[in-house]
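*Asks:* model.csv is reproduced in full below (CSV, C-alpha atoms).
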chain,number,residue,atom,x,y,z
A,1060,MET,CA,-44.4,-26.2,-225.4
A,1061,PRO,CA,-46.5,-26.3,-222.2
A,1062,ASP,CA,-50.0,-27.6,-222.6
A,1063,VAL,CA,-52.6,-24.9,-222.2
A,1064,THR,CA,-56.2,-26.0,-221.5
A,1065,ASN,CA,-59.1,-24.9,-223.6
A,1066,GLU,CA,-60.4,-22.7,-220.7
A,1067,GLN,CA,-57.0,-21.0,-220.3
A,1068,LEU,CA,-56.6,-20.5,-224.0
A,1069,LEU,CA,-60.0,-19.0,-224.4
A,1070,ALA,CA,-59.5,-16.8,-221.4
A,1071,LEU,CA,-56.2,-15.5,-222.8
A,1072,TRP,CA,-57.9,-14.8,-226.1
A,1073,LEU,CA,-60.8,-12.9,-224.5
A,1074,ASP,CA,-58.3,-10.9,-222.4
A,1075,GLY,CA,-56.3,-10.1,-225.6
A,1076,ARG,CA,-53.2,-11.5,-224.1
A,1077,LEU,CA,-52.2,-14.2,-226.6
A,1078,ASN,CA,-48.6,-14.2,-227.6
A,1079,ALA,CA,-47.5,-15.4,-231.0
A,1080,GLN,CA,-47.0,-19.0,-230.0
A,1081,GLN,CA,-50.4,-19.1,-228.1
A,1082,ARG,CA,-52.1,-17.5,-231.1
A,1083,LEU,CA,-50.8,-20.3,-233.3
A,1084,MET,CA,-52.0,-22.8,-230.8
A,1085,PHE,CA,-55.4,-21.0,-230.6
A,1086,GLU,CA,-55.9,-21.1,-234.3
A,1087,GLN,CA,-54.8,-24.7,-234.6
A,1088,ARG,CA,-57.2,-25.7,-231.8
A,1089,CYS,CA,-60.1,-23.9,-233.5
A,1090,VAL,CA,-59.4,-26.1,-236.5
A,1091,ASP,CA,-58.8,-29.4,-234.7
A,1092,ASP,CA,-61.2,-29.2,-231.8
A,1093,GLU,CA,-64.8,-28.7,-232.8
A,1094,VAL,CA,-66.0,-28.1,-229.2
A,1095,PHE,CA,-63.4,-25.4,-228.7
A,1096,ALA,CA,-64.4,-23.8,-232.0
A,1097,GLN,CA,-68.0,-23.7,-230.9
A,1098,GLN,CA,-67.0,-22.1,-227.6
A,1099,VAL,CA,-65.1,-19.4,-229.5
A,1100,GLU,CA,-68.1,-18.9,-231.7
A,1101,ALA,CA,-70.3,-18.6,-228.7
A,1102,ALA,CA,-67.9,-16.1,-227.2
A,1103,ASN,CA,-67.9,-14.1,-230.4
A,1104,ASN,CA,-71.7,-14.2,-230.5
A,1105,ILE,CA,-72.0,-12.9,-226.9
A,1106,THR,CA,-69.4,-10.2,-227.7
A,1107,VAL,CA,-71.4,-9.0,-230.6
A,1108,HIS,CA,-74.6,-9.0,-228.5
A,1109,ALA,CA,-72.8,-7.1,-225.8
A,1110,GLN,CA,-71.5,-4.5,-228.3
A,1111,HIS,CA,-74.9,-4.0,-229.7
A,1112,PHE,CA,-76.7,-4.0,-226.4
A,1113,ILE,CA,-78.8,-0.9,-226.2
A,1114,GLU,CA,-78.5,0.4,-222.7
A,1115,GLN,CA,-81.8,1.5,-221.3
A,1116,ASP,CA,-82.2,4.9,-219.7
A,1117,VAL,CA,-82.5,5.1,-216.0
A,1118,PRO,CA,-86.1,5.9,-214.8
A,1119,HIS,CA,-86.5,8.9,-212.6
A,1120,TRP,CA,-85.4,8.3,-209.1
A,1121,ASP,CA,-84.5,10.4,-206.1
A,1122,ARG,CA,-80.8,10.6,-206.4
A,1123,ALA,CA,-80.3,13.0,-203.6
A,1124,ALA,CA,-82.1,10.5,-201.2
A,1125,SER,CA,-78.9,8.4,-201.1
A,1126,PHE,CA,-77.0,11.4,-199.9
A,1127,THR,CA,-77.0,12.2,-196.2
A,1128,GLU,CA,-75.3,15.3,-194.8
A,1129,VAL,CA,-71.8,14.6,-193.6
A,1130,LYS,CA,-71.3,15.9,-190.1
A,1131,ASN,CA,-67.8,16.4,-189.0
A,1132,THR,CA,-67.8,14.7,-185.7
A,1133,PRO,CA,-65.4,16.2,-183.2
A,1134,TRP,CA,-62.5,14.0,-182.1
A,1135,TRP,CA,-63.9,13.4,-178.7
A,1136,HIS,CA,-66.9,11.7,-180.4
A,1137,TRP,CA,-64.5,9.2,-182.0
A,1138,GLN,CA,-66.1,5.8,-181.7
A,1139,GLY,CA,-62.8,4.1,-180.7
A,1140,LEU,CA,-62.4,6.4,-177.7
A,1141,SER,CA,-64.4,4.2,-175.4
A,1142,GLY,CA,-62.6,1.1,-176.5
A,1143,LEU,CA,-59.3,2.9,-176.0
A,1144,SER,CA,-60.3,4.0,-172.5
A,1145,ILE,CA,-61.2,0.4,-171.5
A,1146,ALA,CA,-57.9,-0.8,-172.9
A,1147,MET,CA,-56.0,1.8,-171.0
A,1148,SER,CA,-57.9,1.0,-167.8
A,1149,VAL,CA,-57.2,-2.7,-168.2
A,1150,ALA,CA,-53.5,-2.0,-168.9
A,1151,ALA,CA,-53.3,0.2,-165.8
A,1152,MET,CA,-55.0,-2.5,-163.6
A,1153,LEU,CA,-52.6,-5.1,-164.9
A,1154,MET,CA,-49.7,-2.9,-164.1
A,1155,VAL,CA,-50.9,-2.4,-160.6
A,1156,VAL,CA,-51.8,-6.1,-160.0
A,1157,THR,CA,-48.5,-7.4,-161.4
A,1158,GLY,CA,-46.5,-4.8,-159.6
A,1159,LEU,CA,-44.9,-3.7,-162.9
A,1160,GLN,CA,-42.2,-1.2,-162.4
A,1161,ILE,CA,-40.4,0.6,-165.2
A,1162,LYS,CA,-37.3,2.4,-164.4
A,1163,VAL,CA,-35.2,4.5,-166.7
A,1164,ASP,CA,-31.7,5.1,-165.3
A,1165,ASP,CA,-28.9,6.6,-167.4
A,1166,GLY,CA,-30.6,5.6,-170.7
A,1167,ALA,CA,-31.2,2.0,-169.4
A,1168,LEU,CA,-34.8,0.7,-169.2
A,1169,THR,CA,-35.5,-1.6,-166.3
A,1170,ILE,CA,-38.8,-3.4,-166.0
A,1171,SER,CA,-39.5,-5.2,-162.8
A,1172,PHE,CA,-42.6,-7.0,-161.5
A,1173,ALA,CA,-41.8,-8.4,-158.0
A,1174,ASP,CA,-42.2,-6.6,-154.7
A,1175,ASN,CA,-38.8,-7.8,-153.5
A,1176,GLN,CA,-37.3,-5.5,-156.0
A,1177,SER,CA,-39.2,-2.7,-154.3
A,1178,GLN,CA,-38.0,-3.7,-150.8
A,1179,LEU,CA,-34.4,-3.9,-152.0
A,1180,GLN,CA,-34.8,-0.5,-153.6
A,1181,ILE,CA,-36.1,1.0,-150.3
A,1182,GLU,CA,-33.3,-0.5,-148.4
A,1183,ARG,CA,-30.8,0.8,-150.9
A,1184,LEU,CA,-32.5,4.2,-150.7
A,1185,VAL,CA,-32.4,4.3,-146.9
A,1186,GLU,CA,-28.7,3.2,-147.0
A,1187,ASP,CA,-28.0,6.0,-149.4
A,1188,LYS,CA,-29.8,8.5,-147.3
A,1189,LEU,CA,-28.1,7.5,-144.1
A,1190,GLN,CA,-24.7,7.7,-145.8
A,1191,GLU,CA,-25.6,11.1,-147.1
A,1192,TYR,CA,-26.7,12.2,-143.7
A,1193,LYS,CA,-23.6,10.9,-142.1
A,1194,THR,CA,-21.4,12.7,-144.5
A,1195,GLU,CA,-23.4,15.9,-144.0
A,1196,GLN,CA,-23.0,15.6,-140.3
A,1197,GLN,CA,-19.3,15.0,-140.5
A,1198,LEU,CA,-18.9,18.0,-142.7
A,1199,ALA,CA,-21.0,20.2,-140.3
A,1200,MET,CA,-19.0,19.0,-137.3
A,1201,ASN,CA,-15.8,19.9,-139.1
A,1202,ARG,CA,-17.1,23.3,-140.1
A,1203,PHE,CA,-18.3,23.9,-136.5
A,1204,THR,CA,-14.9,22.9,-135.0
A,1205,GLN,CA,-13.1,25.1,-137.4
A,1206,SER,CA,-15.4,28.0,-136.7
A,1207,LEU,CA,-15.0,27.5,-133.0
A,1208,GLN,CA,-11.2,27.5,-133.3
A,1209,GLN,CA,-11.3,30.6,-135.4
A,1210,GLN,CA,-13.5,32.3,-132.9
A,1211,GLN,CA,-11.2,31.4,-130.0
A,1212,LEU,CA,-8.2,32.6,-132.0
A,1213,ASP,CA,-9.9,35.9,-132.7
A,1214,ALA,CA,-11.0,36.4,-129.1
A,1215,SER,CA,-7.5,35.8,-127.7
A,1216,SER,CA,-5.9,38.0,-130.3
A,1217,GLN,CA,-8.4,40.7,-129.5
A,1218,LEU,CA,-7.7,40.3,-125.8
A,1219,THR,CA,-3.9,40.6,-126.3
A,1220,GLN,CA,-4.4,43.6,-128.4
A,1221,TYR,CA,-6.6,45.2,-125.8
A,1222,LEU,CA,-4.2,44.4,-123.0
A,1223,LEU,CA,-1.2,45.8,-125.0
A,1224,THR,CA,-3.1,48.9,-126.0
A,1225,SER,CA,-4.5,49.6,-122.5
A,1226,SER,CA,-1.2,49.1,-120.7
A,1227,ARG,CA,0.6,51.4,-123.1
A,1228,LYS,CA,-2.1,54.1,-122.5
A,1229,GLU,CA,-1.9,53.7,-118.7
A,1230,ARG,CA,1.9,54.1,-118.8
A,1231,ARG,CA,1.6,57.1,-121.0
A,1232,GLU,CA,-0.9,58.6,-118.5
A,1233,ASP,CA,1.3,57.7,-115.5
A,1234,PHE,CA,4.3,59.4,-117.2
A,1235,ALA,CA,2.2,62.4,-118.0
A,1236,GLU,CA,1.0,62.6,-114.3
A,1237,LEU,CA,4.6,62.2,-113.1
A,1238,ILE,CA,5.8,65.0,-115.4
A,1239,LYS,CA,3.0,67.1,-114.4
A,1240,PHE,CA,3.9,66.5,-110.7
A,1241,VAL,CA,7.5,67.3,-111.4
A,1242,ASN,CA,6.6,70.4,-113.2
A,1243,GLU,CA,4.2,71.5,-110.4
A,1244,GLN,CA,7.0,70.7,-107.9
A,1245,ARG,CA,9.4,72.8,-109.9
A,1246,SER,CA,6.9,75.6,-110.2
A,1247,ASP,CA,6.3,75.5,-106.4
A,1248,ASP,CA,10.1,75.5,-105.8
A,1249,GLN,CA,10.5,78.4,-108.1
A,1250,LEU,CA,7.8,80.3,-106.3
A,1251,PHE,CA,9.4,79.4,-103.0
A,1252,TYR,CA,12.8,80.5,-104.1
A,1253,ALA,CA,11.3,83.6,-105.6
A,1254,ARG,CA,9.6,84.4,-102.4
A,1255,GLN,CA,12.8,83.8,-100.5
A,1256,LEU,CA,14.7,86.0,-102.8
A,1257,ASN,CA,12.1,88.7,-102.4
A,1258,GLN,CA,12.3,88.4,-98.7
A,1259,LEU,CA,15.9,88.6,-98.9
A,1260,GLN,CA,15.8,91.6,-101.0
A,1261,GLN,CA,13.4,93.3,-98.7
A,1262,ASP,CA,15.5,92.4,-95.7
A,1263,ILE,CA,18.5,93.8,-97.5
A,1264,TYR,CA,16.8,97.1,-98.2
A,1265,THR,CA,15.3,97.4,-94.8
A,1266,ASN,CA,18.3,96.4,-92.8
A,1267,PRO,CA,21.4,96.2,-94.8
A,1268,ALA,CA,23.7,95.5,-91.7
A,1269,GLN,CA,21.6,92.7,-90.6
A,1270,SER,CA,21.1,91.6,-93.9
A,1271,GLY,CA,24.8,91.4,-94.4
A,1272,LEU,CA,24.9,89.2,-91.3
A,1273,ASN,CA,22.0,87.4,-92.2
A,1274,SER,CA,23.4,87.0,-95.6
A,1275,ASN,CA,26.6,85.9,-94.1
A,1276,LYS,CA,24.8,83.6,-91.8
A,1277,GLU,CA,23.0,82.2,-94.7
B,1469,MET,CA,-65.0,23.3,-219.2
B,1470,PHE,CA,-63.0,20.3,-217.8
B,1471,GLU,CA,-64.9,17.4,-216.4
B,1472,LYS,CA,-64.0,16.6,-212.8
B,1473,SER,CA,-62.4,13.2,-212.1
B,1474,ASP,CA,-64.0,10.6,-210.0
B,1475,GLU,CA,-61.5,11.3,-207.2
B,1476,GLN,CA,-62.3,15.0,-207.2
B,1477,LEU,CA,-66.1,14.3,-207.0
B,1478,ILE,CA,-65.6,11.7,-204.3
B,1479,ALA,CA,-63.5,14.2,-202.2
B,1480,LYS,CA,-66.2,16.9,-202.6
B,1481,ALA,CA,-69.0,14.4,-201.8
B,1482,LEU,CA,-67.1,13.4,-198.6
B,1483,GLN,CA,-66.9,17.1,-197.6
B,1484,GLY,CA,-70.7,17.2,-197.9
B,1485,ASN,CA,-71.1,18.5,-201.4
B,1486,LYS,CA,-74.4,17.0,-202.6
B,1487,GLN,CA,-74.1,18.1,-206.1
B,1488,ALA,CA,-70.7,16.3,-206.5
B,1489,TRP,CA,-72.4,13.1,-205.3
B,1490,VAL,CA,-75.3,13.5,-207.7
B,1491,ASN,CA,-72.8,14.1,-210.6
B,1492,LEU,CA,-70.9,11.0,-209.6
B,1493,LEU,CA,-74.2,9.0,-209.6
B,1494,LYS,CA,-75.2,10.3,-213.0
B,1495,ARG,CA,-71.8,9.2,-214.4
B,1496,TYR,CA,-72.4,5.5,-213.3
B,1497,GLU,CA,-76.1,5.0,-212.8
B,1498,LYS,CA,-76.8,3.8,-216.3
B,1499,SER,CA,-74.1,1.2,-216.2
B,1500,ILE,CA,-75.3,-0.1,-212.8
B,1501,TYR,CA,-79.0,0.0,-213.9
B,1502,ASN,CA,-78.3,-2.0,-217.0
B,1503,TYR,CA,-76.1,-4.3,-215.0
B,1504,GLY,CA,-79.1,-4.8,-212.7
B,1505,ILE,CA,-81.3,-5.5,-215.7
B,1506,ARG,CA,-79.0,-8.2,-217.0
B,1507,MET,CA,-78.5,-9.7,-213.6
B,1508,THR,CA,-82.1,-9.7,-212.4
B,1509,GLY,CA,-84.0,-9.7,-215.7
B,1510,LYS,CA,-86.5,-7.2,-214.3
B,1511,ASN,CA,-86.5,-3.4,-214.7
B,1512,GLU,CA,-88.0,-2.9,-211.2
B,1513,ASP,CA,-85.5,-5.2,-209.5
B,1514,ALA,CA,-82.7,-3.5,-211.5
B,1515,LEU,CA,-83.9,-0.1,-210.1
B,1516,ASP,CA,-84.1,-1.4,-206.6
B,1517,LEU,CA,-80.7,-3.0,-206.9
B,1518,MET,CA,-79.2,0.2,-208.3
B,1519,GLN,CA,-80.5,2.2,-205.4
B,1520,GLU,CA,-79.2,-0.3,-202.9
B,1521,VAL,CA,-75.8,-0.2,-204.6
B,1522,PHE,CA,-75.5,3.5,-204.5
B,1523,ILE,CA,-76.7,3.8,-200.9
B,1524,SER,CA,-74.0,1.2,-200.0
B,1525,VAL,CA,-71.4,3.0,-202.1
B,1526,TYR,CA,-72.2,6.3,-200.3
B,1527,ARG,CA,-72.0,4.7,-196.9
B,1528,ASN,CA,-68.6,3.2,-197.7
B,1529,LEU,CA,-67.2,6.1,-199.7
B,1530,ALA,CA,-64.9,7.1,-196.9
B,1531,THR,CA,-63.3,3.7,-197.0
B,1532,TYR,CA,-62.5,4.0,-200.7
B,1533,ARG,CA,-58.7,3.8,-200.8
B,1534,HIS,CA,-58.2,4.8,-204.4
B,1535,GLU,CA,-56.6,1.4,-205.1
B,1536,GLY,CA,-57.6,0.6,-208.6
B,1537,SER,CA,-60.3,2.4,-210.4
B,1538,PHE,CA,-63.5,3.7,-208.9
B,1539,LYS,CA,-65.4,1.7,-211.5
B,1540,SER,CA,-63.9,-1.6,-210.2
B,1541,TRP,CA,-64.7,-0.7,-206.6
B,1542,LEU,CA,-68.3,0.2,-207.6
B,1543,PHE,CA,-68.8,-3.1,-209.5
B,1544,ARG,CA,-67.3,-5.0,-206.6
B,1545,ILE,CA,-70.0,-3.4,-204.3
B,1546,ALA,CA,-72.6,-4.1,-207.0
B,1547,HIS,CA,-71.6,-7.7,-207.1
B,1548,PHE,CA,-72.0,-8.2,-203.4
B,1549,ARG,CA,-75.3,-6.3,-203.3
B,1550,CYS,CA,-76.5,-8.5,-206.2
B,1551,ILE,CA,-75.7,-11.7,-204.2
B,1552,GLU,CA,-77.6,-10.3,-201.2
B,1553,PHE,CA,-80.5,-9.4,-203.5
B,1554,TYR,CA,-80.6,-13.0,-204.9
B,1555,ARG,CA,-80.4,-14.5,-201.4
B,1556,ARG,CA,-83.4,-12.4,-200.4
B,1557,LYS,CA,-85.3,-13.3,-203.5
B,1558,ARG,CA,-84.3,-17.0,-203.6
B,1559,PRO,CA,-83.0,-18.0,-200.2
B,1560,MET,CA,-82.8,-21.7,-201.0
B,1561,GLU,CA,-80.8,-21.3,-204.2
B,1562,GLY,CA,-77.0,-21.5,-204.3
B,1563,LEU,CA,-74.7,-19.4,-206.4
B,1564,ASP,CA,-73.9,-22.3,-208.6
B,1565,ASP,CA,-77.4,-23.7,-208.8
B,1566,VAL,CA,-79.3,-23.4,-212.1
B,1567,PRO,CA,-82.2,-21.1,-211.4
B,1568,GLU,CA,-85.7,-22.7,-211.5
B,1569,ILE,CA,-87.6,-20.4,-213.7
B,1570,GLU,CA,-91.3,-21.0,-214.0
B,1571,SER,CA,-93.1,-20.1,-217.2
B,1572,GLU,CA,-94.6,-16.9,-215.7
B,1573,GLN,CA,-91.2,-15.9,-214.3
B,1574,ILE,CA,-89.5,-15.8,-217.7
B,1575,PRO,CA,-88.9,-12.2,-218.5
B,1576,ASN,CA,-90.9,-10.9,-221.3
B,1577,GLU,CA,-91.9,-7.6,-222.8
B,1578,GLN,CA,-93.9,-6.9,-219.7
B,1579,TYR,CA,-90.6,-6.9,-217.6
B,1580,ILE,CA,-88.0,-6.0,-220.1
B,1581,ASP,CA,-88.6,-2.9,-222.1
B,1582,SER,CA,-85.9,-3.5,-224.6
B,1583,VAL,CA,-85.2,-4.5,-228.2
B,1584,LYS,CA,-85.3,-8.0,-229.4
B,1585,GLU,CA,-81.6,-8.8,-229.2
B,1586,ASN,CA,-81.3,-7.4,-225.7
B,1587,LYS,CA,-84.3,-9.4,-224.6
B,1588,GLN,CA,-82.9,-12.7,-226.1
B,1589,LEU,CA,-79.6,-12.3,-224.3
B,1590,ILE,CA,-81.2,-11.2,-221.0
B,1591,GLN,CA,-83.6,-14.2,-221.1
B,1592,ALA,CA,-80.8,-16.6,-221.8
B,1593,MET,CA,-78.7,-15.1,-218.9
B,1594,GLN,CA,-81.5,-15.6,-216.5
B,1595,ARG,CA,-81.2,-19.3,-216.9
B,1596,LEU,CA,-77.6,-19.3,-215.8
B,1597,PRO,CA,-76.5,-19.8,-212.2
B,1598,LEU,CA,-75.6,-16.5,-210.5
B,1599,ALA,CA,-71.9,-17.4,-210.4
B,1600,GLN,CA,-71.7,-18.0,-214.2
B,1601,LYS,CA,-73.9,-15.0,-215.0
B,1602,THR,CA,-71.7,-12.7,-212.9
B,1603,VAL,CA,-68.6,-13.8,-214.9
B,1604,ILE,CA,-70.4,-13.3,-218.3
B,1605,GLU,CA,-71.6,-9.9,-217.2
B,1606,LEU,CA,-68.3,-8.7,-215.9
B,1607,LYS,CA,-66.3,-10.1,-218.9
B,1608,PHE,CA,-68.5,-9.1,-221.8
B,1609,PHE,CA,-70.3,-6.1,-220.5
B,1610,GLY,CA,-67.9,-4.8,-217.9
B,1611,GLN,CA,-64.9,-5.4,-220.1
B,1612,PHE,CA,-62.9,-6.6,-217.0
B,1613,THR,CA,-60.0,-9.0,-217.3
B,1614,PHE,CA,-60.1,-12.3,-215.5
B,1615,ASP,CA,-57.7,-11.1,-212.9
B,1616,GLU,CA,-59.9,-8.1,-212.3
B,1617,ILE,CA,-63.0,-10.4,-212.1
B,1618,ALA,CA,-61.2,-12.5,-209.6
B,1619,GLU,CA,-60.4,-9.5,-207.5
B,1620,LEU,CA,-63.9,-8.1,-207.8
B,1621,THR,CA,-65.8,-11.3,-206.9
B,1622,GLY,CA,-63.3,-12.9,-204.5
B,1623,MET,CA,-63.1,-16.1,-206.6
B,1624,SER,CA,-59.8,-17.3,-208.2
B,1625,ALA,CA,-59.0,-16.4,-211.8
B,1626,ASN,CA,-59.0,-20.1,-212.7
B,1627,THR,CA,-62.5,-20.5,-211.2
B,1628,ALA,CA,-63.7,-17.4,-213.2
B,1629,LYS,CA,-62.3,-18.9,-216.4
B,1630,SER,CA,-63.9,-22.2,-215.7
B,1631,ARG,CA,-67.2,-20.6,-214.9
B,1632,MET,CA,-67.1,-18.6,-218.1
B,1633,TYR,CA,-66.3,-21.7,-220.2
B,1634,GLY,CA,-69.3,-23.5,-218.7
B,1635,ALA,CA,-71.5,-20.4,-219.1
B,1636,LEU,CA,-70.7,-20.1,-222.8
B,1637,GLU,CA,-71.7,-23.7,-223.4
B,1638,LYS,CA,-75.0,-23.1,-221.8
B,1639,LEU,CA,-75.6,-19.8,-223.5
B,1640,LYS,CA,-74.8,-21.3,-226.9
B,1641,THR,CA,-77.5,-23.9,-226.3
B,1642,LEU,CA,-80.0,-21.5,-224.8
B,1643,MET,CA,-79.6,-19.0,-227.6
B,1644,GLU,CA,-79.9,-21.6,-230.3
B,1645,VAL,CA,-83.1,-22.7,-228.7
B,1646,ASP,CA,-84.3,-19.1,-228.6
B,1647,TYR,CA,-83.4,-18.6,-232.2
B,1648,ALA,CA,-85.1,-21.8,-233.2
Represent the supplied structure as structure tokens.
*Replies:*
Amino acid sequence: MPDVTNEQLLALWLDGRLNAQQRLMFEQRCVDDEVFAQQVEAANNITVHAQHFIEQDVPHWDRAASFTEVKNTPWWHWQGLSGLSIAMSVAAMLMVVTGLQIKVDDGALTISFADNQSQLQIERLVEDKLQEYKTEQQLAMNRFTQSLQQQQLDASSQLTQYLLTSSRKERREDFAELIKFVNEQRSDDQLFYARQLNQLQQDIYTNPAQSGLNSNKE
Amino acid sequence: MFEKSDEQLIAKALQGNKQAWVNLLKRYEKSIYNYGIRMTGKNEDALDLMQEVFISVYRNLATYRHEGSFKSWLFRIAHFRCIEFYRRKRPMEGLDDVPEIESEQIPNEQYIDSVKENKQLIQAMQRLPLAQKTVIELKFFGQFTFDEIAELTGMSANTAKSRMYGALEKLKTLMEVDYA
């Protein structure tokens, strides 16, 4: 059985936490140890005094004086705000001084401190931009060439079409002119022959003998 | 009508309800006042101490975390206020020093308006060092366990038990003398 000191045993008894074994030990020690027994008696005595202690009434005092109106301070009056501001300023200054750079790229967080990193980044950026510009220029040139080719093709096609159309029209006009001329010529011939026939008819009526001659001559 | 719990009164007091605070005071002022009488031995000092305790409690009410009972928290503040009170009154005296009580300083009927038994115990307690007196007060009058006393005062439970054991020895002698 572990040895329990008088102080501990008395404390356990006063707390009302003695188990059966400790209770036996407590009772045995009260019998064997006179000093311990006197301590227990003193504790009992004080307990009785405490139980019979007549509590005195509180004299009149100003209870409300201990109460001060609670003022709900707005959040911007929060006392820690100034400290927080200083901390943020210091942090910002440190970031500037140390050249801290935080980069989030495709979910990866990169923290860099040196300026070299910045120089490299600029070079890489310029390289990227130049490459992009080059590609754009190439594309533009291709587009321009294609456009020019198309334009030339269209122009020559239009010219051919025009030439074909115009020559066909001219021919048609020429033929029309020729037919008109032939028709006019025929009409003139008809008039001439009609006039000749009329002359002949008149000659026949006016001088049939001559006309016979004439007609024979003819 | 149901009586409001300490937590409800505290919550209302924190919202600025003066009546809730006064009700909370009335619930505990007698305990603290009599605690003060036993710890200081004087009614006037007990009243001053009680007022200091409640002012301190009110100032720290917002920090009360509801861990353990309000009574324990209250007596913890009372304990530290009492130590400060002693340091002001007796700046050269340590917590474990036996108080030097001159004949005119011994509490009597002029200071303690109480019955004979009360007076005898209070007088005997005034001859104990503050550390021992605290343990006797919290154990026998506050009904706290040694673990709670340790938590309240900041001393270890073994130290509290040891101080109580020493205090009982002294009280036994002192009260025998008084009875004689």
*Asks:* Report as a Markdown table the residues of chain B within 9 Å of chain A, each with its shortest atom pair and distance in Å (one decimal), using all atoms listed in the file, ordered by chain and increasing residue number.
*Replies:*
| residue | atom | partner | partner_atom | distance |
| --- | --- | --- | --- | --- |
| B:Ala1481 | CA | A:Val1129 | CA | 8.7 |
| B:Leu1482 | CA | A:Val1129 | CA | 7.0 |
| B:Gln1483 | CA | A:Val1129 | CA | 6.8 |
| B:Gly1484 | CA | A:Val1129 | CA | 5.1 |
| B:Asn1485 | CA | A:Glu1128 | CA | 8.5 |
| B:Lys1486 | CA | A:Phe1126 | CA | 6.7 |
| B:Gln1487 | CA | A:Ala1123 | CA | 8.4 |
| B:Trp1489 | CA | A:Phe1126 | CA | 7.3 |
| B:Val1490 | CA | A:Arg1122 | CA | 6.4 |
| B:Leu1493 | CA | A:Arg1122 | CA | 7.5 |
| B:Lys1494 | CA | A:Arg1122 | CA | 8.7 |
| B:Glu1497 | CA | A:Val1117 | CA | 7.2 |
| B:Lys1498 | CA | A:Val1117 | CA | 5.9 |
| B:Ser1499 | CA | A:Glu1114 | CA | 7.9 |
| B:Tyr1501 | CA | A:Val1117 | CA | 6.5 |
| B:Asn1502 | CA | A:Glu1114 | CA | 6.2 |
| B:Ile1505 | CA | A:Gln1115 | CA | 9.0 |
| B:Leu1515 | CA | A:Pro1118 | CA | 7.9 |
| B:Gln1519 | CA | A:Ser1125 | CA | 7.7 |
| B:Glu1520 | CA | A:Ser1125 | CA | 8.9 |
| B:Phe1522 | CA | A:Ser1125 | CA | 6.9 |
| B:Ile1523 | CA | A:Ser1125 | CA | 5.1 |
| B:Ser1524 | CA | A:Ser1125 | CA | 8.8 |
| B:Tyr1526 | CA | A:Phe1126 | CA | 7.0 |
| B:Arg1527 | CA | A:Phe1126 | CA | 8.9 |
| B:Asp1581 | CA | A:Gln1115 | CA | 8.1 |
| B:Ser1582 | CA | A:Gln1115 | CA | 7.3 |
| B:Val1583 | CA | A:Ile1113 | CA | 7.6 |
| B:Glu1585 | CA | A:His1108 | CA | 7.0 |
| B:Asn1586 | CA | A:Phe1112 | CA | 5.8 |
| B:Leu1589 | CA | A:His1108 | CA | 7.3 |
| B:Ile1604 | CA | A:Ile1105 | CA | 8.8 |
| B:Lys1607 | CA | A:Leu1073 | CA | 8.3 |
| B:Phe1608 | CA | A:Thr1106 | CA | 6.1 |
| B:Phe1609 | CA | A:Ala1109 | CA | 5.9 |
| B:Gln1611 | CA | A:Asp1074 | CA | 8.9 |
| B:Phe1612 | CA | A:Asp1074 | CA | 8.3 |
| B:Thr1613 | CA | A:Asp1074 | CA | 5.7 |
| B:Phe1614 | CA | A:Asp1074 | CA | 7.3 |
| B:Asn1626 | CA | A:Gln1067 | CA | 7.9 |
| B:Lys1629 | CA | A:Glu1066 | CA | 6.0 |
| B:Ser1630 | CA | A:Glu1066 | CA | 6.1 |
| B:Met1632 | CA | A:Glu1066 | CA | 8.3 |
| B:Tyr1633 | CA | A:Glu1066 | CA | 6.0 |
| B:Leu1636 | CA | A:Ala1101 | CA | 6.1 |
| B:Glu1637 | CA | A:Gln1098 | CA | 6.5 |
| B:Leu1639 | CA | A:Ala1101 | CA | 7.5 |
| B:Lys1640 | CA | A:Ala1101 | CA | 5.5 |
*Asks:* Using all atoms listed in the file, which residue out of B:Leu1542, B:Ile1551, B:Leu1606, B:Met1643 lies closest to Arg1631 (chain B)?
*Replies:*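 Of the candidates, the smallest distance to Arg1631 (chain B) is held by B:Leu1606.
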*Asks:* Work out how far CA of Lys1472 (chain B) is from CA of Asn1491 (chain B), in Å to one decimal.
*Replies:* 9.4 Å
*Asks:* Have a look at CA of Tyr1554 (chain B) and CA of Ala1625 (chain B) and let me know their distance in Å, one decimal.
*Replies:*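 Going from CA of Tyr1554 (chain B) over to CA of Ala1625 (chain B) covers 22.9 Å.
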*Asks:* If you count all atoms listed in the file, which residues fall within 9 Å of Arg1082 (chain A), apart from same-chain ones fewer than 4 positions away, as a PyMOL selection string?
*Replies:* chain A and resi 1068+1072+1077-1078+1086-1087
*Asks:* Work out how far apart CA of Asp1247 (chain A) and CA of Thr1265 (chain A) are and give it in Å to one decimal.
*Replies:*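 CA of Thr1265 (chain A) lies 26.4 Å from CA of Asp1247 (chain A).
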*Asks:* Here is a test: counting only C-alpha atoms, which residue of B:Leu1492, B:Leu1642, B:Val1521, B:Leu1529 is nearest to Phe1548 (chain B)?
*Replies:*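 Nearest candidate to Phe1548 (chain B) out of B:Leu1492, B:Leu1642, B:Val1521, B:Leu1529: B:Val1521.
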